[in-house]
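Undergrad: This is the content of upload.csv (CSV, C-alpha atoms and all ligand atoms):
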chain,number,residue,atom,x,y,z
A,1,MET,CA,-23.4,2.1,-14.4
A,2,GLU,CA,-21.1,1.0,-17.1
A,3,ARG,CA,-18.2,-1.4,-16.1
A,4,LEU,CA,-15.0,0.5,-16.5
A,5,ILE,CA,-11.4,-0.9,-16.5
A,6,LEU,CA,-9.8,0.8,-13.5
A,7,LEU,CA,-6.2,1.8,-14.1
A,8,ASN,CA,-6.1,3.9,-10.9
A,9,PRO,CA,-4.1,2.7,-7.9
A,10,GLY,CA,-7.0,1.2,-6.0
A,11,PRO,CA,-9.8,0.4,-5.6
A,12,VAL,CA,-9.1,-2.2,-8.4
A,13,VAL,CA,-11.0,-4.4,-10.8
A,14,VAL,CA,-11.6,-7.7,-8.9
A,15,SER,CA,-12.4,-11.2,-10.1
A,16,ASP,CA,-15.9,-12.6,-10.0
A,17,ARG,CA,-14.8,-15.0,-7.3
A,18,VAL,CA,-14.0,-12.0,-5.0
A,19,ARG,CA,-17.1,-10.0,-6.0
A,20,ASN,CA,-19.4,-13.0,-5.5
A,21,ALA,CA,-17.9,-13.6,-2.0
A,22,LEU,CA,-19.9,-10.5,-1.0
A,23,MET,CA,-23.0,-12.6,-1.3
A,24,GLY,CA,-22.0,-14.7,1.7
A,25,PRO,CA,-24.5,-15.0,4.6
A,26,ASP,CA,-25.5,-12.2,7.0
A,27,LEU,CA,-23.4,-12.8,10.0
A,28,CYS,CA,-23.1,-11.5,13.6
A,29,HIS,CA,-19.5,-10.6,14.3
A,30,ARG,CA,-19.8,-12.0,17.9
A,31,GLU,CA,-20.6,-15.5,16.6
A,32,PRO,CA,-17.9,-18.2,16.2
A,33,GLU,CA,-18.4,-18.2,12.5
A,34,PHE,CA,-16.9,-14.8,12.3
A,35,SER,CA,-14.0,-15.7,14.6
A,36,GLN,CA,-13.1,-18.5,12.2
A,37,ILE,CA,-13.0,-16.2,9.3
A,38,LEU,CA,-11.0,-13.6,11.2
A,39,GLY,CA,-8.5,-16.3,12.3
A,40,ARG,CA,-8.1,-17.7,8.8
A,41,VAL,CA,-7.7,-14.2,7.2
A,42,ARG,CA,-5.0,-13.3,9.8
A,43,GLN,CA,-3.2,-16.6,9.1
A,44,LYS,CA,-3.3,-16.1,5.3
A,45,LEU,CA,-2.1,-12.5,5.6
A,46,LEU,CA,0.8,-13.7,7.6
A,47,ARG,CA,1.8,-16.0,4.7
A,48,VAL,CA,1.5,-13.1,2.2
A,49,PHE,CA,3.7,-10.9,4.4
A,50,ASP,CA,6.1,-13.9,4.8
A,51,GLY,CA,6.1,-13.7,8.6
A,52,ASP,CA,7.0,-16.5,10.9
A,53,GLU,CA,5.7,-17.1,14.5
A,54,SER,CA,7.6,-14.1,15.8
A,55,TYR,CA,5.1,-12.0,13.7
A,56,THR,CA,1.3,-11.5,13.9
A,57,THR,CA,-1.3,-9.8,11.8
A,58,VAL,CA,-4.0,-7.4,12.9
A,59,VAL,CA,-7.0,-6.4,10.8
A,60,PHE,CA,-8.9,-3.2,11.0
A,61,THR,CA,-12.1,-2.0,9.3
A,62,GLY,CA,-10.9,1.2,7.6
A,63,SER,CA,-8.8,2.2,4.6
A,64,GLY,CA,-5.0,1.8,4.5
A,65,THR,CA,-4.5,5.1,6.2
A,66,ALA,CA,-6.3,3.9,9.3
A,67,CYS,CA,-3.6,1.2,9.8
A,68,LEU,CA,-0.9,3.8,9.2
A,69,ASP,CA,-2.4,5.7,12.1
A,70,ALA,CA,-2.6,2.6,14.2
A,71,ALA,CA,1.0,1.4,13.4
A,72,LEU,CA,2.6,4.8,14.0
A,73,CYS,CA,0.7,5.4,17.3
A,74,ALA,CA,1.9,2.0,18.5
A,75,ALA,CA,5.5,2.2,17.2
A,76,VAL,CA,6.8,5.6,18.2
A,77,GLU,CA,8.0,5.9,21.8
A,78,SER,CA,9.2,9.6,21.7
A,79,ARG,CA,10.5,10.6,18.2
A,80,ALA,CA,10.4,9.2,14.7
A,81,LEU,CA,12.5,9.7,11.6
A,82,VAL,CA,10.6,9.8,8.3
A,83,LEU,CA,12.2,9.3,5.0
A,84,SER,CA,10.1,10.9,2.3
A,85,ASN,CA,10.2,11.3,-1.4
A,86,GLY,CA,6.5,11.8,-2.3
A,87,ALA,CA,3.0,12.4,-1.2
A,88,TYR,CA,2.7,9.3,0.9
A,89,GLY,CA,5.9,10.0,2.7
A,90,GLU,CA,4.4,13.4,3.5
A,91,ARG,CA,1.3,11.6,4.8
A,92,LEU,CA,3.4,9.7,7.4
A,93,GLU,CA,4.6,13.2,8.6
A,94,GLN,CA,1.0,14.4,8.7
A,95,ILE,CA,-0.1,11.5,10.8
A,96,LEU,CA,2.6,11.9,13.3
A,97,ALA,CA,1.9,15.6,13.5
A,98,ALA,CA,-1.8,15.0,14.0
A,99,TYR,CA,-1.1,12.9,17.1
A,100,GLY,CA,1.5,15.5,18.4
A,101,LEU,CA,4.3,13.0,17.9
A,102,ASP,CA,7.8,14.4,17.3
A,103,ALA,CA,9.4,13.7,13.9
A,104,THR,CA,12.6,14.5,12.1
A,105,VAL,CA,12.1,14.4,8.3
A,106,LEU,CA,14.7,13.5,5.7
A,107,ARG,CA,13.1,14.8,2.5
A,108,SER,CA,14.0,14.1,-1.1
A,109,GLU,CA,12.4,15.6,-4.1
A,110,TYR,CA,9.5,13.6,-5.6
A,111,GLY,CA,11.1,10.8,-7.7
A,112,GLU,CA,14.6,11.2,-6.1
A,113,PRO,CA,16.1,8.4,-4.0
A,114,LEU,CA,15.6,8.3,-0.2
A,115,ARG,CA,18.5,9.6,1.9
A,116,TYR,CA,19.7,6.4,3.6
A,117,GLU,CA,23.2,7.6,4.4
A,118,SER,CA,21.9,10.7,6.1
A,119,ALA,CA,19.5,8.5,8.0
A,120,ALA,CA,22.3,6.3,9.2
A,121,LYS,CA,24.3,9.3,10.4
A,122,LEU,CA,21.2,10.7,12.2
A,123,LEU,CA,20.6,7.5,14.0
A,124,GLU,CA,24.2,7.2,15.1
A,125,ASP,CA,24.2,10.7,16.5
A,126,ASP,CA,20.7,11.0,17.9
A,127,ARG,CA,19.6,8.5,20.5
A,128,GLY,CA,16.2,10.3,20.8
A,129,ILE,CA,15.0,8.8,17.5
A,130,ASP,CA,13.4,5.4,18.3
A,131,THR,CA,11.5,4.7,15.1
A,132,VAL,CA,12.1,5.0,11.4
A,133,ALA,CA,9.2,5.1,8.9
A,134,MET,CA,9.2,5.0,5.1
A,135,VAL,CA,7.0,4.1,2.1
A,136,HIS,CA,8.0,1.1,0.1
A,137,HIS,CA,6.2,2.0,-3.1
A,138,GLU,CA,5.7,5.7,-3.4
A,139,THR,CA,2.4,5.6,-5.3
A,140,SER,CA,2.5,9.3,-6.1
A,141,THR,CA,5.4,8.9,-8.5
A,142,GLY,CA,5.6,5.1,-9.1
A,143,MET,CA,9.0,4.9,-7.4
A,144,LEU,CA,10.0,1.8,-5.6
A,145,ASN,CA,12.1,2.6,-2.5
A,146,PRO,CA,14.5,-0.3,-1.6
A,147,LEU,CA,13.9,-1.5,2.0
A,148,ARG,CA,17.0,-3.4,2.8
A,149,GLU,CA,19.3,-0.3,3.0
A,150,MET,CA,17.1,1.1,5.7
A,151,SER,CA,16.3,-2.1,7.6
A,152,ASP,CA,20.0,-2.9,7.9
A,153,ILE,CA,20.6,0.5,9.4
A,154,CYS,CA,17.7,0.1,11.8
A,155,ALA,CA,19.0,-3.3,12.9
A,156,ARG,CA,22.5,-1.8,13.4
A,157,TYR,CA,21.2,0.9,15.6
A,158,GLY,CA,18.3,-1.0,17.2
A,159,ARG,CA,15.4,1.1,16.0
A,160,THR,CA,11.9,0.2,15.2
A,161,PHE,CA,11.2,0.0,11.4
A,162,VAL,CA,7.7,0.9,10.1
A,163,VAL,CA,6.9,0.4,6.4
A,164,ASP,CA,3.9,1.6,4.4
A,165,ALA,CA,3.6,-1.3,1.9
A,166,ILE,CA,0.0,-0.4,1.0
A,167,SER,CA,0.6,-0.4,-2.7
A,168,SER,CA,3.4,-3.0,-2.8
A,169,LEU,CA,2.2,-6.0,-0.9
A,170,GLY,CA,1.3,-8.7,-3.5
A,171,ALA,CA,3.1,-6.9,-6.4
A,172,GLU,CA,6.7,-6.6,-5.2
A,173,ASP,CA,9.2,-8.9,-3.5
A,174,LEU,CA,8.5,-8.2,0.2
A,175,SER,CA,9.2,-10.3,3.3
A,176,VAL,CA,8.8,-8.8,6.8
A,177,ARG,CA,11.3,-11.4,8.0
A,178,ARG,CA,14.0,-11.0,5.4
A,179,ASP,CA,13.5,-7.2,5.2
A,180,GLY,CA,13.6,-6.7,9.0
A,181,ILE,CA,10.3,-4.9,9.3
A,182,ASP,CA,8.7,-4.3,12.7
A,183,TYR,CA,5.4,-2.9,11.5
A,184,CYS,CA,4.3,-3.4,7.9
A,185,VAL,CA,1.0,-1.9,6.8
A,186,SER,CA,-1.1,-2.8,3.8
A,187,THR,CA,-4.7,-2.8,2.5
A,188,ALA,CA,-7.2,-5.1,0.8
A,189,ASN,CA,-8.1,-3.2,-2.3
A,190,LYS,CA,-4.8,-2.6,-4.1
A,191,CYS,CA,-2.4,-5.5,-5.1
A,192,ILE,CA,-4.2,-8.0,-2.9
A,193,HIS,CA,-7.3,-7.7,-5.2
A,194,GLY,CA,-9.9,-7.4,-2.4
A,195,LEU,CA,-12.5,-4.7,-1.9
A,196,PRO,CA,-12.1,-1.4,0.0
A,197,GLY,CA,-12.9,-1.3,3.7
A,198,VAL,CA,-10.4,-3.4,5.5
A,199,SER,CA,-6.6,-2.9,6.0
A,200,PHE,CA,-4.0,-4.7,8.1
A,201,VAL,CA,-0.7,-4.5,9.9
A,202,CYS,CA,1.9,-7.3,10.2
A,203,ALA,CA,3.8,-6.6,13.4
A,204,LYS,CA,6.6,-8.2,15.3
A,205,ARG,CA,5.1,-9.6,18.4
A,206,SER,CA,7.9,-8.3,20.7
A,207,ARG,CA,7.3,-4.8,19.4
A,208,LEU,CA,3.5,-5.1,20.0
A,209,GLU,CA,4.2,-6.0,23.6
A,210,GLU,CA,6.3,-2.8,23.9
A,211,ALA,CA,3.3,-0.9,22.5
A,212,LYS,CA,0.9,-2.1,25.1
A,213,GLN,CA,1.3,1.0,27.3
A,214,ARG,CA,0.9,3.5,24.5
A,215,LYS,CA,-2.8,4.6,24.3
A,216,ARG,CA,-2.8,7.5,21.9
A,217,THR,CA,-6.0,6.6,20.0
A,218,PHE,CA,-9.2,4.8,21.0
A,219,TYR,CA,-10.5,3.2,17.8
A,220,LEU,CA,-7.1,2.6,16.2
A,221,ASP,CA,-5.3,1.2,19.2
A,222,LEU,CA,-3.2,-1.5,17.7
A,223,TYR,CA,-2.4,-3.4,20.8
A,224,GLU,CA,-6.1,-3.5,21.9
A,225,GLN,CA,-7.1,-4.7,18.4
A,226,PHE,CA,-4.4,-7.4,18.5
A,227,TYR,CA,-5.4,-8.5,21.9
A,228,ARG,CA,-9.0,-8.9,21.0
A,229,GLU,CA,-8.3,-10.6,17.7
A,230,GLU,CA,-5.7,-12.9,19.1
A,231,TYR,CA,-7.2,-13.9,22.5
A,232,ARG,CA,-10.9,-13.4,22.0
A,233,GLY,CA,-11.2,-14.1,18.2
A,234,GLU,CA,-13.1,-10.9,17.6
A,235,THR,CA,-12.7,-7.3,16.7
A,236,PRO,CA,-13.5,-4.6,19.3
A,237,PHE,CA,-15.9,-2.8,17.0
A,238,THR,CA,-18.2,-3.9,14.2
A,239,PRO,CA,-16.1,-5.2,11.3
A,240,ALA,CA,-17.0,-4.9,7.6
A,241,VAL,CA,-18.1,-8.6,7.6
A,242,GLN,CA,-18.8,-8.9,3.9
A,243,ILE,CA,-15.5,-7.2,3.0
A,244,PHE,CA,-13.8,-9.9,5.1
A,245,TYR,CA,-15.5,-12.5,2.9
A,246,ALA,CA,-14.1,-10.8,-0.2
A,247,LEU,CA,-10.6,-10.5,1.4
A,248,GLU,CA,-10.5,-14.2,2.2
A,249,ALA,CA,-11.4,-15.0,-1.4
A,250,ALA,CA,-8.8,-12.6,-2.7
A,251,LEU,CA,-6.1,-14.2,-0.4
A,252,ASP,CA,-7.1,-17.7,-1.5
A,253,GLU,CA,-6.7,-16.6,-5.1
A,254,LEU,CA,-3.3,-15.0,-4.4
A,255,LEU,CA,-1.9,-17.9,-2.4
A,256,GLU,CA,-3.3,-20.6,-4.9
A,257,GLY,CA,-1.6,-18.9,-7.8
A,258,GLY,CA,1.5,-18.0,-5.8
A,259,ILE,CA,2.8,-14.6,-5.0
A,260,GLY,CA,5.8,-15.1,-7.3
A,261,SER,CA,3.5,-15.5,-10.3
A,262,ARG,CA,1.5,-12.5,-9.4
A,263,ILE,CA,4.7,-10.4,-9.2
A,264,GLU,CA,5.6,-11.7,-12.7
A,265,ARG,CA,2.2,-10.8,-14.1
A,266,TYR,CA,2.5,-7.3,-12.7
A,267,ALA,CA,6.0,-6.8,-14.1
A,268,ALA,CA,4.8,-8.0,-17.5
A,269,LEU,CA,1.8,-5.7,-17.6
A,270,ALA,CA,3.9,-2.7,-16.4
A,271,GLY,CA,6.5,-3.6,-19.1
A,272,MET,CA,3.7,-3.6,-21.7
A,273,ILE,CA,2.5,-0.2,-20.6
A,274,ARG,CA,6.1,1.3,-20.6
A,275,ASP,CA,6.9,-0.2,-24.0
A,276,GLY,CA,3.6,1.1,-25.3
A,277,ILE,CA,4.2,4.6,-24.0
A,278,ALA,CA,7.5,4.7,-25.7
A,279,ALA,CA,6.0,3.4,-28.9
A,280,LEU,CA,3.4,6.2,-28.8
A,281,GLY,CA,6.2,8.7,-28.5
A,282,LEU,CA,5.2,9.7,-24.9
A,283,HIS,CA,7.7,10.0,-22.1
A,284,LEU,CA,8.0,8.4,-18.7
A,285,MET,CA,8.5,10.7,-15.6
A,286,LEU,CA,11.2,8.5,-13.9
A,287,PRO,CA,14.1,6.4,-15.2
A,288,ARG,CA,12.6,3.1,-16.0
A,289,GLU,CA,14.7,1.2,-13.4
A,290,HIS,CA,13.2,3.2,-10.5
A,291,TYR,CA,9.6,2.1,-11.2
A,292,SER,CA,7.6,-0.4,-9.2
A,293,ASN,CA,5.7,-3.2,-10.9
A,294,SER,CA,2.4,-1.4,-10.7
A,295,ILE,CA,2.5,2.4,-11.5
A,296,THR,CA,3.7,4.2,-14.5
A,297,SER,CA,3.9,8.0,-14.3
A,298,ILE,CA,3.7,9.6,-17.8
A,299,LEU,CA,4.4,13.1,-18.9
A,300,LEU,CA,1.3,14.7,-20.4
A,301,PRO,CA,1.7,15.3,-24.1
A,302,GLU,CA,2.4,19.0,-25.0
A,303,GLY,CA,-0.8,21.0,-25.1
A,304,ILE,CA,-3.1,18.3,-23.6
A,305,SER,CA,-4.6,18.8,-20.2
A,306,TYR,CA,-5.0,15.9,-17.7
A,307,SER,CA,-8.8,16.3,-17.5
A,308,SER,CA,-9.3,16.2,-21.3
A,309,LEU,CA,-7.1,13.1,-21.6
A,310,HIS,CA,-8.8,11.5,-18.6
A,311,ASP,CA,-12.3,12.1,-20.1
A,312,ALA,CA,-11.4,10.9,-23.6
A,313,VAL,CA,-9.8,7.7,-22.3
A,314,LYS,CA,-12.8,7.1,-19.9
A,315,GLU,CA,-15.1,7.5,-22.9
A,316,ALA,CA,-13.3,4.4,-24.3
A,317,GLY,CA,-13.8,2.5,-21.0
A,318,TYR,CA,-10.6,3.1,-19.0
A,319,VAL,CA,-9.9,5.2,-15.8
A,320,VAL,CA,-6.5,6.7,-15.4
A,321,TYR,CA,-5.3,8.8,-12.5
A,322,ALA,CA,-4.0,12.3,-12.0
A,323,GLY,CA,-0.5,13.3,-11.0
A,324,GLN,CA,0.2,14.2,-7.4
A,325,GLY,CA,2.6,16.7,-5.8
A,326,PRO,CA,4.5,19.7,-7.1
A,327,MET,CA,4.7,18.3,-10.7
A,328,SER,CA,1.0,17.2,-10.7
A,329,GLU,CA,0.0,19.4,-13.6
A,330,ARG,CA,2.6,17.8,-15.9
A,331,PHE,CA,2.0,14.1,-15.6
A,332,PHE,CA,-0.7,11.4,-15.1
A,333,ARG,CA,-0.5,7.9,-13.8
A,334,VAL,CA,-1.5,4.5,-15.1
A,335,ALA,CA,-1.7,1.7,-12.5
A,336,ASN,CA,-1.8,-2.0,-13.5
A,337,MET,CA,-3.2,-3.1,-10.2
A,338,GLY,CA,-6.1,-5.6,-10.0
A,339,ALA,CA,-7.5,-8.5,-12.0
A,340,LEU,CA,-6.2,-7.2,-15.3
A,341,THR,CA,-5.0,-9.0,-18.4
A,342,PRO,CA,-2.7,-8.1,-21.3
A,343,ALA,CA,-5.9,-7.6,-23.4
A,344,HIS,CA,-7.0,-4.8,-21.0
A,345,ILE,CA,-3.6,-3.1,-21.3
A,346,GLY,CA,-3.6,-3.5,-25.1
A,347,GLY,CA,-7.1,-2.0,-25.3
A,348,PHE,CA,-6.0,0.9,-23.1
A,349,LEU,CA,-2.9,1.7,-25.2
A,350,GLU,CA,-5.1,1.8,-28.3
A,351,ALA,CA,-7.6,4.1,-26.5
A,352,LEU,CA,-4.7,6.3,-25.3
A,353,ASP,CA,-3.3,6.5,-28.8
A,354,GLY,CA,-6.7,7.5,-30.2
A,355,SER,CA,-7.3,10.0,-27.5
A,356,VAL,CA,-4.0,11.7,-27.9
A,357,ARG,CA,-4.4,11.9,-31.7
A,358,GLU,CA,-7.9,13.3,-31.3
A,359,LEU,CA,-6.9,15.9,-28.7
A,360,SER,CA,-3.8,17.1,-30.6
A,361,ALA,CA,-5.7,17.3,-33.9
A,362,PRO,CA,-5.7,20.9,-35.3
A,363,GLY,CA,-8.9,22.7,-34.5
A,364,TRP,CA,-9.9,20.6,-31.5
A,401,LIG,C1,-3.3,4.2,-1.4
A,401,LIG,C2,-2.2,4.5,-0.5
A,401,LIG,C3,-2.4,4.9,0.8
A,401,LIG,C4,-3.7,5.3,1.4
A,401,LIG,O1,-4.6,4.3,1.4
A,401,LIG,P1,-6.1,4.6,1.7
A,401,LIG,O2,-6.6,3.2,1.6
A,401,LIG,O3,-6.7,5.5,0.7
A,401,LIG,O4,-6.3,5.1,3.1
A,401,LIG,C5,-1.3,5.1,1.7
A,401,LIG,N1,0.0,4.9,1.2
A,401,LIG,C6,0.2,4.4,0.0
A,401,LIG,C7,1.6,4.2,-0.5
A,401,LIG,C8,-0.8,4.2,-0.9
A,401,LIG,O5,-0.6,3.8,-2.2
Since I need it in another form, could you write the structure as structure tokens?

TA:
Amino acid sequence: MERLILLNPGPVVVSDRVRNALMGPDLCHREPEFSQILGRVRQKLLRVFDGDESYTTVVFTGSGTACLDAALCAAVESRALVLSNGAYGERLEQILAAYGLDATVLRSEYGEPLRYESAAKLLEDDRGIDTVAMVHHETSTGMLNPLREMSDICARYGRTFVVDAISSLGAEDLSVRRDGIDYCVSTANKCIHGLPGVSFVCAKRSRLEEAKQRKRTFYLDLYEQFYREEYRGETPFTPAVQIFYALEAALDELLEGGIGSRIERYAALAGMIRDGIAALGLHLMLPREHYSNSITSILLPEGISYSSLHDAVKEAGYVVYAGQGPMSERFFRVANMGALTPAHIGGFLEALDGSVRELSAPGW
């Protein structure tokens, strides 16, 4: 199969160092060698989340959504408040509903800001809501939702704060400590530059202790997973051993280069894409200041369908991603996640230009 440059929001292009880590030894996960890897990975993740000793990290084998299940099942006592402005906000609602957990939802249109003021009012009036959940980077539109507004409100009213940081950890300024997050969920194969198969939660230890009694799921029981990883140095079930090797390589790469410099690289690549889109005469879906560092949602040029554009750009070696949600027919997404360089983005913009010209040529 041809090597394509992935401009979809995960899985991402990874470095040779990460891919080669898969070639590590066959290993039984009940051996001390695996415990050591697990311990190191959890420690390195804690640094990436910027947690102190009041926090811990728990790793699951499963995609990012597995950890959202785990975190919500652990966090919610009786009712949650979800702030939603896109497909991933809706997913938080769907997870709560699947476990029969009560939720109040403050919904904004896709691409509109979250309703923090209404949230504050609700928490003041309604003592029944114990947990607030939101998405940091709403990948369906590319919108970055500020965290501090909500965490200040949660702190004021003493509620548990759950954040989906699946597509922001590594690419955005995020600190569980500073941002007052109780449960923060992310995954290996987006801005961390690992491979798909493992995901993780950074949790406040005091909150995890509260979660001890809540057994709503067997496989995704966050307290049980924490207990086994923390006190036995093992996972309860078979972990994706080789994907842990790759994750450790990815974390080393990230921590060696520094998270600040990764954030700068992402911002520069996203800027290149947005400038390039304007230069081609195409239009962004959101006001530029609302975007994250890693997704650009772009209106489809008049008369060109997503599938024809996708196929033409893929022919040139690049994979873009469809829109999502009520406007999905009208836009497409370009992610600059993964081990990408300015040359990749330059090549993509040329391919996009060529594809748009070809598809809008008379007689096509
Ligand atoms: C990708 C993504 C998810 C889902 O992750 P999976 O790994 O596909 O389960 C959830 N939330 C956000 C914000 C995402 O970008």

Undergrad: Can you tell me which residues come within 10 Å of ligand LIG 401 (chain A) when counting all atoms listed in the file, ideally as an MDAnalysis selection string?

TA: chainID A and resid 8:11 62:69 86:92 134:140 142 163:168 185:191 196:199 295

Undergrad: Store the residues picked out above, limited to C-alpha atoms, as a short mmCIF file (atom, residue, chain, number, x, y, z; two decimals), in the frame of the given file.

TA:
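out35.cif written:
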data_model
loop_
_atom_site.label_atom_id
_atom_site.label_comp_id
_atom_site.auth_asym_id
_atom_site.auth_seq_id
_atom_site.Cartn_x
_atom_site.Cartn_y
_atom_site.Cartn_z
CA ASN A 8 -6.10 3.90 -10.90
CA PRO A 9 -4.10 2.70 -7.90
CA GLY A 10 -7.00 1.20 -6.00
CA PRO A 11 -9.80 0.40 -5.60
CA GLY A 62 -10.90 1.20 7.60
CA SER A 63 -8.80 2.20 4.60
CA GLY A 64 -5.00 1.80 4.50
CA THR A 65 -4.50 5.10 6.20
CA ALA A 66 -6.30 3.90 9.30
CA CYS A 67 -3.60 1.20 9.80
CA LEU A 68 -0.90 3.80 9.20
CA ASP A 69 -2.40 5.70 12.10
CA GLY A 86 6.50 11.80 -2.30
CA ALA A 87 3.00 12.40 -1.20
CA TYR A 88 2.70 9.30 0.90
CA GLY A 89 5.90 10.00 2.70
CA GLU A 90 4.40 13.40 3.50
CA ARG A 91 1.30 11.60 4.80
CA LEU A 92 3.40 9.70 7.40
CA MET A 134 9.20 5.00 5.10
CA VAL A 135 7.00 4.10 2.10
CA HIS A 136 8.00 1.10 0.10
CA HIS A 137 6.20 2.00 -3.10
CA GLU A 138 5.70 5.70 -3.40
CA THR A 139 2.40 5.60 -5.30
CA SER A 140 2.50 9.30 -6.10
CA GLY A 142 5.60 5.10 -9.10
CA VAL A 163 6.90 0.40 6.40
CA ASP A 164 3.90 1.60 4.40
CA ALA A 165 3.60 -1.30 1.90
CA ILE A 166 0.00 -0.40 1.00
CA SER A 167 0.60 -0.40 -2.70
CA SER A 168 3.40 -3.00 -2.80
CA VAL A 185 1.00 -1.90 6.80
CA SER A 186 -1.10 -2.80 3.80
CA THR A 187 -4.70 -2.80 2.50
CA ALA A 188 -7.20 -5.10 0.80
CA ASN A 189 -8.10 -3.20 -2.30
CA LYS A 190 -4.80 -2.60 -4.10
CA CYS A 191 -2.40 -5.50 -5.10
CA PRO A 196 -12.10 -1.40 0.00
CA GLY A 197 -12.90 -1.30 3.70
CA VAL A 198 -10.40 -3.40 5.50
CA SER A 199 -6.60 -2.90 6.00
CA ILE A 295 2.50 2.40 -11.50
#

Undergrad: Please provide the set of residues having any atom within 8 Å of range 50-56 of chain A, restricted to all atoms listed in the file, with same-chain residues fewer than 4 positions apart removed, written as a ChimeraX atom specification.

TA: /A:42,46,174-177,202-206

Undergrad: So what do you get for CA of Ala361 in chain A versus CA of Leu280 in chain A, distance-wise?

TA: 15.2 Å

Undergrad: In the coordinate frame of the file, compute which residues have an atom within 8 Å of (11.3, 12.6, 13.6) when using all atoms listed in the file, and state them as a compact mmCIF listing (two decimals) with C-alpha atoms, keeping the file's coordinate frame.

TA:
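Writing the result to part_16.txt gives the following:
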# COMPACT_ATOMS: atom_id res chain seq x y z
CA ARG A 79 10.50 10.60 18.20
CA ALA A 80 10.40 9.20 14.70
CA LEU A 81 12.50 9.70 11.60
CA VAL A 82 10.60 9.80 8.30
CA ASP A 102 7.80 14.40 17.30
CA ALA A 103 9.40 13.70 13.90
CA THR A 104 12.60 14.50 12.10
CA VAL A 105 12.10 14.40 8.30
CA ILE A 129 15.00 8.80 17.50
CA VAL A 132 12.10 5.00 11.40

Undergrad: Can you pull out the residues contacting range 233-243 of chain A? Cut-off 7 Å, using all atoms listed in the file, and skip same-chain residues under 6 positions away; I want them as an MDAnalysis selection string.

TA: chainID A and resid 22 24 29:30 35 39 61 195 197:198 225

Undergrad: Find the residue from A:His344, A:Arg178, A:Lys215, A:His290 that sits nearest to Cys73 in chain A; use only C-alpha atoms when measuring.

TA: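 Between A:His344, A:Arg178, A:Lys215, A:His290, the residue approaching Cys73 in chain A most closely is A:Lys215.
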
Undergrad: Name the residues in contact with Ser328 in chain A at a cut-off of 10 Å, using all atoms listed in the file, excluding same-chain residues fewer than 4 positions from it; report them as a list in words.

TA: Ser140, Thr141, Leu299, Tyr306, Ala322, Gly323, Gln324, Phe332 and Arg333 of chain A

Undergrad: Skipping near chain neighbours, those fewer than 5 positions away, what residues fall within 10 Å of Pro301 in chain A using all atoms listed in the file, listed as a PyMOL selection string?

TA: chain A and resi 281-283+306+309+330-331+356+359-360

Undergrad: Could you check which of A:Gly347, A:Gly354, A:Gly194, A:Gly303 is closest to Ala21 in chain A, using only C-alpha atoms?

TA: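 So, comparing all the options, the nearest one is A:Gly194.
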
Undergrad: Extract, using only C-alpha atoms, all DNA, RNA and protein residues at most 12 Å from Ile5 in chain A, discarding same-chain residues fewer than 3 positions from it, and format them as a ChimeraX atom specification.

TA: /A:2,8-14,313-320,334-341,343-348,351

Undergrad: For CA of Glu172 in chain A and CA of Leu7 in chain A, determine how far apart the two atoms are, in Å to one decimal place.

TA: 17.8 Å

Undergrad: Would you please work out which residue, of A:Ala250, A:Leu45, A:Leu72, A:Arg265, is nearest to Ala97 in chain A when using all atoms listed in the file?

TA: A:Leu72

Undergrad: Box for range 3-7 of chain A - axis-aligned, 3 Å on each of the six sides, all listed atoms - centre and size in Å to one decimal, as AutoDock Vina command-line options.

TA:
--center_x -12.2 --center_y 0.2 --center_z -15.0 --size_x 18.0 --size_y 9.2 --size_z 9.0

Undergrad: Pick from A:Ile181, A:Ile95, A:Ile192, A:Leu101: nearest to Asp252 in chain A, with all atoms listed in the file counted?

TA: A:Ile192
